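Structure file input-v3.cif with mmCIF, C-alpha atoms:
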```cif
data_start
loop_
_atom_site.group_PDB
_atom_site.id
_atom_site.type_symbol
_atom_site.label_atom_id
_atom_site.label_comp_id
_atom_site.auth_asym_id
_atom_site.auth_seq_id
_atom_site.Cartn_x
_atom_site.Cartn_y
_atom_site.Cartn_z
ATOM 1 C CA MET A 147 0.000 0.000 0.000
ATOM 2 C CA SER A 148 2.822 2.400 0.810
ATOM 3 C CA MET A 149 4.089 2.195 -2.786
ATOM 4 C CA GLN A 150 0.823 3.823 -3.898
ATOM 5 C CA GLN A 151 0.952 6.759 -1.492
ATOM 6 C CA PRO A 152 2.801 9.933 -2.545
ATOM 7 C CA PHE A 153 6.320 10.500 -1.260
ATOM 8 C CA THR A 154 6.373 12.401 2.021
ATOM 9 C CA PRO A 155 8.242 15.725 2.069
ATOM 10 C CA SER A 156 11.032 14.037 4.020
ATOM 11 C CA GLU A 157 11.308 11.252 1.449
ATOM 12 C CA GLN A 158 11.379 13.823 -1.342
ATOM 13 C CA VAL A 159 14.326 15.596 0.287
ATOM 14 C CA LYS A 160 16.194 12.289 0.719
ATOM 15 C CA LEU A 161 15.707 11.491 -2.968
ATOM 16 C CA ASN A 162 16.472 14.966 -4.284
ATOM 17 C CA LEU A 163 19.515 15.851 -2.207
ATOM 18 C CA PRO A 164 21.995 13.386 -3.780
ATOM 19 C CA VAL A 165 20.976 14.555 -7.240
ATOM 20 C CA ARG A 166 21.537 18.212 -6.351
ATOM 21 C CA GLU A 167 24.849 17.263 -4.723
ATOM 22 C CA ALA A 168 25.933 15.467 -7.900
ATOM 23 C CA LEU A 169 25.210 18.521 -10.008
ATOM 24 C CA GLN A 170 27.012 20.774 -7.519
ATOM 25 C CA SER A 171 30.039 18.486 -7.697
ATOM 26 C CA PHE A 172 30.263 19.051 -11.436
ATOM 27 C CA ARG A 173 29.701 22.764 -10.927
ATOM 28 C CA ASP A 174 32.602 23.049 -8.478
ATOM 29 C CA GLY A 175 34.954 20.669 -10.292
ATOM 30 C CA THR A 176 34.779 17.728 -7.891
ATOM 31 C CA GLY A 177 32.499 15.494 -9.971
ATOM 32 C CA THR A 178 33.166 11.763 -10.146
ATOM 33 C CA ASP A 179 31.830 8.800 -12.059
ATOM 34 C CA VAL A 180 29.358 8.210 -9.199
ATOM 35 C CA HIS A 181 27.967 11.709 -9.741
ATOM 36 C CA TRP A 182 27.792 11.078 -13.481
ATOM 37 C CA HIS A 183 25.833 7.852 -12.913
ATOM 38 C CA THR A 184 23.458 9.636 -10.542
ATOM 39 C CA LEU A 185 22.632 12.278 -13.132
ATOM 40 C CA ALA A 186 22.459 9.758 -15.970
ATOM 41 C CA ALA A 187 20.011 7.655 -13.953
ATOM 42 C CA ILE A 188 17.647 10.550 -13.299
ATOM 43 C CA THR A 189 17.654 11.611 -16.964
ATOM 44 C CA ASN A 190 16.708 8.062 -17.905
ATOM 45 C CA VAL A 191 14.011 7.849 -15.224
ATOM 46 C CA CYS A 192 12.597 11.161 -16.465
ATOM 47 C CA LEU A 193 12.471 9.758 -19.997
ATOM 48 C CA ILE A 194 10.602 6.641 -18.949
ATOM 49 C CA ARG A 195 8.128 8.548 -16.765
ATOM 50 C CA GLY A 196 7.775 11.057 -19.594
ATOM 51 C CA GLU A 197 6.811 8.327 -22.033
ATOM 52 C CA ALA A 198 3.770 7.732 -19.823
ATOM 53 C CA ILE A 199 3.021 11.442 -19.386
ATOM 54 C CA GLY A 200 3.661 13.396 -22.553
ATOM 55 C CA GLN A 201 6.023 14.703 -25.195
ATOM 56 C CA GLU A 202 7.048 17.831 -23.268
ATOM 57 C CA VAL A 203 8.416 15.672 -20.463
ATOM 58 C CA VAL A 204 10.168 13.404 -22.968
ATOM 59 C CA ASP A 205 11.768 16.440 -24.620
ATOM 60 C CA VAL A 206 13.180 17.748 -21.337
ATOM 61 C CA ALA A 207 14.481 14.274 -20.454
ATOM 62 C CA LYS A 208 16.160 13.859 -23.846
ATOM 63 C CA ASP A 209 17.761 17.269 -23.499
ATOM 64 C CA GLY A 210 19.090 16.195 -20.091
ATOM 65 C CA GLN A 211 20.390 12.973 -21.616
ATOM 66 C CA GLU A 212 22.219 14.917 -24.315
ATOM 67 C CA ALA A 213 23.772 17.119 -21.642
ATOM 68 C CA ILE A 214 24.986 14.215 -19.508
ATOM 69 C CA MET A 215 26.398 12.506 -22.592
ATOM 70 C CA SER A 216 28.242 15.729 -23.378
ATOM 71 C CA VAL A 217 29.758 15.561 -19.890
ATOM 72 C CA MET A 218 30.906 11.996 -20.607
ATOM 73 C CA GLU A 219 32.352 12.991 -23.990
ATOM 74 C CA ARG A 220 34.286 15.769 -22.275
ATOM 75 C CA PHE A 221 35.610 13.282 -19.715
ATOM 76 C CA ASN A 222 36.663 10.858 -22.449
ATOM 77 C CA ARG A 223 38.398 13.675 -24.307
ATOM 78 C CA THR A 224 40.164 15.322 -21.344
ATOM 79 C CA GLY A 225 40.274 12.666 -18.625
ATOM 80 C CA LYS A 226 38.661 15.145 -16.224
ATOM 81 C CA TRP A 227 35.082 15.651 -15.147
ATOM 82 C CA GLY A 228 33.581 18.965 -16.054
ATOM 83 C CA VAL A 229 30.443 20.535 -17.391
ATOM 84 C CA SER A 230 29.840 23.427 -19.750
ATOM 85 C CA HIS A 231 27.555 26.270 -18.771
ATOM 86 C CA ASP A 232 25.010 25.134 -21.389
ATOM 87 C CA ASP A 233 25.029 21.536 -20.168
ATOM 88 C CA LEU A 234 24.769 22.717 -16.573
ATOM 89 C CA ALA A 235 21.633 24.688 -17.437
ATOM 90 C CA ARG A 236 20.140 21.739 -19.339
ATOM 91 C CA LEU A 237 20.810 19.374 -16.451
ATOM 92 C CA GLU A 238 19.278 21.847 -14.007
ATOM 93 C CA VAL A 239 16.032 21.809 -16.007
ATOM 94 C CA CYS A 240 16.013 18.001 -16.049
ATOM 95 C CA ILE A 241 16.671 17.870 -12.307
ATOM 96 C CA ASP A 242 13.774 20.260 -11.731
ATOM 97 C CA LEU A 243 11.601 17.902 -13.786
ATOM 98 C CA HIS A 244 12.822 14.915 -11.773
ATOM 99 C CA GLU A 245 11.897 16.692 -8.542
ATOM 100 C CA GLN A 246 8.426 17.438 -9.925
ATOM 101 C CA LEU A 247 8.031 13.794 -10.925
ATOM 102 C CA ILE A 248 8.972 12.678 -7.418
ATOM 103 C CA GLU A 249 6.420 15.092 -5.986
ATOM 104 C CA LEU A 250 3.645 13.970 -8.350
ATOM 105 C CA SER A 251 4.415 10.250 -8.734
ATOM 106 C CA THR A 252 4.049 7.363 -6.351
ATOM 107 C CA PRO A 253 7.043 5.395 -5.126
ATOM 108 C CA GLY A 254 5.715 2.471 -7.165
ATOM 109 C CA GLN A 255 5.752 4.505 -10.367
ATOM 110 C CA MET A 256 9.270 5.783 -9.752
ATOM 111 C CA LEU A 257 10.532 2.326 -8.793
ATOM 112 C CA GLN A 258 9.053 0.851 -11.966
ATOM 113 C CA ALA A 259 10.678 3.593 -14.039
ATOM 114 C CA PHE A 260 14.041 2.823 -12.433
ATOM 115 C CA ARG A 261 13.563 -0.894 -13.077
ATOM 116 C CA ASP A 262 12.798 -0.056 -16.699
ATOM 117 C CA VAL A 263 16.038 1.951 -16.876
ATOM 118 C CA ILE A 264 17.978 -1.070 -15.625
ATOM 119 C CA ASN A 265 16.201 -3.353 -18.101
ATOM 120 C CA ARG A 266 16.987 -0.977 -20.979
ATOM 121 C CA MET A 267 20.578 -0.677 -19.821
ATOM 122 C CA ASN A 268 20.960 -4.462 -19.669
ATOM 123 C CA ALA A 269 19.464 -4.687 -23.165
ATOM 124 C CA GLY A 270 22.023 -2.131 -24.406
ATOM 125 C CA ARG A 271 19.423 0.583 -24.957
ATOM 126 C CA THR A 272 21.019 3.236 -22.711
ATOM 127 C CA HIS A 273 24.515 4.663 -22.518
ATOM 128 C CA ARG A 274 27.028 3.457 -19.979
ATOM 129 C CA LEU A 275 30.065 5.256 -18.737
ATOM 130 C CA GLU A 276 33.131 4.050 -20.595
ATOM 131 C CA LYS A 277 36.297 5.331 -18.994
ATOM 132 C CA ALA A 278 39.075 6.408 -21.323
#
```

Encoding of this model in C-alpha cells:
Amino acid sequence: MSMQQPFTPSEQVKLNLPVREALQSFRDGTGTDVHWHTLAAITNVCLIRGEAIGQEVVDVAKDGQEAIMSVMERFNRTGKWGVSHDDLARLEVCIDLHEQLIELSTPGQMLQAFRDVINRMNAGRTHRLEKA
C-alpha cells in the first residue's frame, strides 16, 4: 500500500539531495563517475516517466540525456570531469523535472521507471560510462 501513497516531504528531500549534490560536484569541479551515474540515472528515469506522461516531459528528459552525454564525452576527451555552462543549465532543467516527478508520482511509479532503466541498460538501450 505504501508504494501507492505519494512521497512524504522528508522522502522527497532524501531522494532529491543526492541529485543536487551530484550537479554541484560538477559545478565546483569535484564530480566523479558516481555523480555522473546519478545524473544519468535521473535523466533516464525522467524519460521513462515522460513516455507515460507526454512529449514535453520526454523532450526535457532527452535534453538532459544529451547534456549528460556531453559531460561523458568531455571526460573521455580530457580525462577530467567537467560541465559546460550550457550543459549545466540543461541538467538543471532536467533535475527540476525529476523533482516534480517525485512530488507527483508514487514510489511504485518511480521504482518501476528505475527498473525499466535497468532493463533498458541491460538490453544495451542506454549509454554506460566508458572510462578512457

Any chance you could resolve the PyMOL selection byres ((chain A and resi 181) around 8) against this file and give the residues as a ChimeraX atom specification? /A:165,168-169,171-172,177-180,182-185

List the residues selected by the PyMOL selection byres ((chain A and resi 251-265) around 9) in the file shown, writing them as a list in words.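 That expression, the PyMOL selection byres ((chain A and resi 251-265) around 9), corresponds here to Ser148, Met149, Gln150, Gln151, Pro152, Phe153, Ala187, Ile188, Asn190, Val191, Cys192, Leu193, Ile194, Arg195, Gln246, Leu247, Ile248, Glu249, Leu250, Arg266, Met267, Asn268, Ala269, Gly270, Arg271 and Thr272 of chain A.
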
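Distances here use all atoms listed in the file; by that measure, the residue among A:Gly210, A:Pro155, A:Pro164, A:Gly196 closest to Leu234 (chain A) is A:Gly210.
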
Pairwise distance for CA of Ser216 (chain A) and CA of His231 (chain A), rounded to one decimal in Å: 11.5 Å

One-decimal distance in Å that lies between CA of Glu167 (chain A) and CA of His244 (chain A): 14.1 Å

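For the pair CA of Gly228 (chain A) and CA of Gly175 (chain A), the separation is 6.2 Å.
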
Restricting the calculation to all atoms listed in the file, which member of A:Val159, A:Asp174, A:Asp242, A:Thr189 is positioned closest to Ser230 (chain A)?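 With all atoms listed in the file as the atom set, the closest residue is A:Asp174.
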
Just add N, CA and C atoms to region 178-213 of chain A and send it as an mmCIF file, keeping the file's coordinate frame.
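Printed below is rebuild.cif as written:
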```cif
data_model
loop_
_atom_site.group_PDB
_atom_site.id
_atom_site.type_symbol
_atom_site.label_atom_id
_atom_site.label_comp_id
_atom_site.auth_asym_id
_atom_site.auth_seq_id
_atom_site.Cartn_x
_atom_site.Cartn_y
_atom_site.Cartn_z
ATOM 1 N N THR A 178 32.580 13.100 -9.987
ATOM 2 C CA THR A 178 33.166 11.763 -10.146
ATOM 3 C C THR A 178 32.249 10.913 -11.013
ATOM 4 N N ASP A 179 32.690 9.691 -11.280
ATOM 5 C CA ASP A 179 31.830 8.800 -12.059
ATOM 6 C C ASP A 179 30.541 8.461 -11.308
ATOM 7 N N VAL A 180 30.582 8.446 -9.985
ATOM 8 C CA VAL A 180 29.358 8.210 -9.199
ATOM 9 C C VAL A 180 28.359 9.343 -9.446
ATOM 10 N N HIS A 181 28.846 10.565 -9.468
ATOM 11 C CA HIS A 181 27.967 11.709 -9.741
ATOM 12 C C HIS A 181 27.407 11.620 -11.161
ATOM 13 N N TRP A 182 28.254 11.222 -12.104
ATOM 14 C CA TRP A 182 27.792 11.078 -13.481
ATOM 15 C C TRP A 182 26.660 10.054 -13.547
ATOM 16 N N HIS A 183 26.859 8.898 -12.900
ATOM 17 C CA HIS A 183 25.833 7.852 -12.913
ATOM 18 C C HIS A 183 24.536 8.325 -12.252
ATOM 19 N N THR A 184 24.653 9.098 -11.197
ATOM 20 C CA THR A 184 23.458 9.636 -10.542
ATOM 21 C C THR A 184 22.654 10.487 -11.507
ATOM 22 N N LEU A 185 23.333 11.397 -12.196
ATOM 23 C CA LEU A 185 22.632 12.278 -13.132
ATOM 24 C C LEU A 185 22.138 11.525 -14.359
ATOM 25 N N ALA A 186 22.909 10.564 -14.828
ATOM 26 C CA ALA A 186 22.459 9.758 -15.970
ATOM 27 C C ALA A 186 21.200 8.971 -15.597
ATOM 28 N N ALA A 187 21.179 8.432 -14.387
ATOM 29 C CA ALA A 187 20.011 7.655 -13.953
ATOM 30 C C ALA A 187 18.754 8.522 -13.917
ATOM 31 N N ILE A 188 18.869 9.745 -13.393
ATOM 32 C CA ILE A 188 17.647 10.550 -13.299
ATOM 33 C C ILE A 188 17.179 11.010 -14.680
ATOM 34 N N THR A 189 18.107 11.243 -15.618
ATOM 35 C CA THR A 189 17.654 11.611 -16.964
ATOM 36 C C THR A 189 16.904 10.451 -17.603
ATOM 37 N N ASN A 190 17.381 9.238 -17.356
ATOM 38 C CA ASN A 190 16.708 8.062 -17.905
ATOM 39 C C ASN A 190 15.351 7.805 -17.243
ATOM 40 N N VAL A 191 15.289 8.000 -15.931
ATOM 41 C CA VAL A 191 14.011 7.849 -15.224
ATOM 42 C C VAL A 191 13.008 8.890 -15.735
ATOM 43 N N CYS A 192 13.479 10.114 -15.926
ATOM 44 C CA CYS A 192 12.597 11.161 -16.465
ATOM 45 C C CYS A 192 12.061 10.775 -17.833
ATOM 46 N N LEU A 193 12.918 10.180 -18.671
ATOM 47 C CA LEU A 193 12.471 9.758 -19.997
ATOM 48 C C LEU A 193 11.373 8.708 -19.887
ATOM 49 N N ILE A 194 11.589 7.730 -19.065
ATOM 50 C CA ILE A 194 10.602 6.641 -18.949
ATOM 51 C C ILE A 194 9.295 7.152 -18.363
ATOM 52 N N ARG A 195 9.368 7.974 -17.309
ATOM 53 C CA ARG A 195 8.128 8.548 -16.765
ATOM 54 C C ARG A 195 7.478 9.448 -17.814
ATOM 55 N N GLY A 196 8.295 10.170 -18.562
ATOM 56 C CA GLY A 196 7.775 11.057 -19.594
ATOM 57 C C GLY A 196 7.034 10.316 -20.683
ATOM 58 N N GLU A 197 7.490 9.128 -21.008
ATOM 59 C CA GLU A 197 6.811 8.327 -22.033
ATOM 60 C C GLU A 197 5.370 8.018 -21.626
ATOM 61 N N ALA A 198 5.122 7.978 -20.323
ATOM 62 C CA ALA A 198 3.770 7.732 -19.823
ATOM 63 C C ALA A 198 2.983 9.020 -19.610
ATOM 64 N N ILE A 199 3.668 10.167 -19.701
ATOM 65 C CA ILE A 199 3.021 11.442 -19.386
ATOM 66 C C ILE A 199 2.786 12.292 -20.620
ATOM 67 N N GLY A 200 3.847 12.549 -21.383
ATOM 68 C CA GLY A 200 3.661 13.396 -22.553
ATOM 69 C C GLY A 200 4.966 13.840 -23.182
ATOM 70 N N GLN A 201 4.859 14.344 -24.395
ATOM 71 C CA GLN A 201 6.023 14.703 -25.195
ATOM 72 C C GLN A 201 6.874 15.799 -24.561
ATOM 73 N N GLU A 202 6.263 16.765 -23.894
ATOM 74 C CA GLU A 202 7.048 17.831 -23.268
ATOM 75 C C GLU A 202 8.016 17.266 -22.223
ATOM 76 N N VAL A 203 7.564 16.294 -21.468
ATOM 77 C CA VAL A 203 8.416 15.672 -20.463
ATOM 78 C C VAL A 203 9.524 14.878 -21.156
ATOM 79 N N VAL A 204 9.177 14.157 -22.195
ATOM 80 C CA VAL A 204 10.168 13.404 -22.968
ATOM 81 C C VAL A 204 11.236 14.349 -23.524
ATOM 82 N N ASP A 205 10.816 15.488 -24.044
ATOM 83 C CA ASP A 205 11.768 16.440 -24.620
ATOM 84 C C ASP A 205 12.758 16.958 -23.584
ATOM 85 N N VAL A 206 12.284 17.279 -22.398
ATOM 86 C CA VAL A 206 13.180 17.748 -21.337
ATOM 87 C C VAL A 206 14.144 16.630 -20.938
ATOM 88 N N ALA A 207 13.635 15.409 -20.823
ATOM 89 C CA ALA A 207 14.481 14.274 -20.454
ATOM 90 C C ALA A 207 15.558 14.031 -21.509
ATOM 91 N N LYS A 208 15.180 14.080 -22.771
ATOM 92 C CA LYS A 208 16.160 13.859 -23.846
ATOM 93 C C LYS A 208 17.206 14.963 -23.863
ATOM 94 N N ASP A 209 16.807 16.177 -23.580
ATOM 95 C CA ASP A 209 17.761 17.269 -23.499
ATOM 96 C C ASP A 209 18.738 17.025 -22.348
ATOM 97 N N GLY A 210 18.228 16.547 -21.219
ATOM 98 C CA GLY A 210 19.090 16.195 -20.091
ATOM 99 C C GLY A 210 20.037 15.055 -20.441
ATOM 100 N N GLN A 211 19.538 14.076 -21.189
ATOM 101 C CA GLN A 211 20.390 12.973 -21.616
ATOM 102 C C GLN A 211 21.516 13.465 -22.525
ATOM 103 N N GLU A 212 21.182 14.359 -23.430
ATOM 104 C CA GLU A 212 22.219 14.917 -24.315
ATOM 105 C C GLU A 212 23.273 15.654 -23.495
ATOM 106 N N ALA A 213 22.826 16.376 -22.487
ATOM 107 C CA ALA A 213 23.772 17.119 -21.642
ATOM 108 C C ALA A 213 24.686 16.175 -20.876
#
```
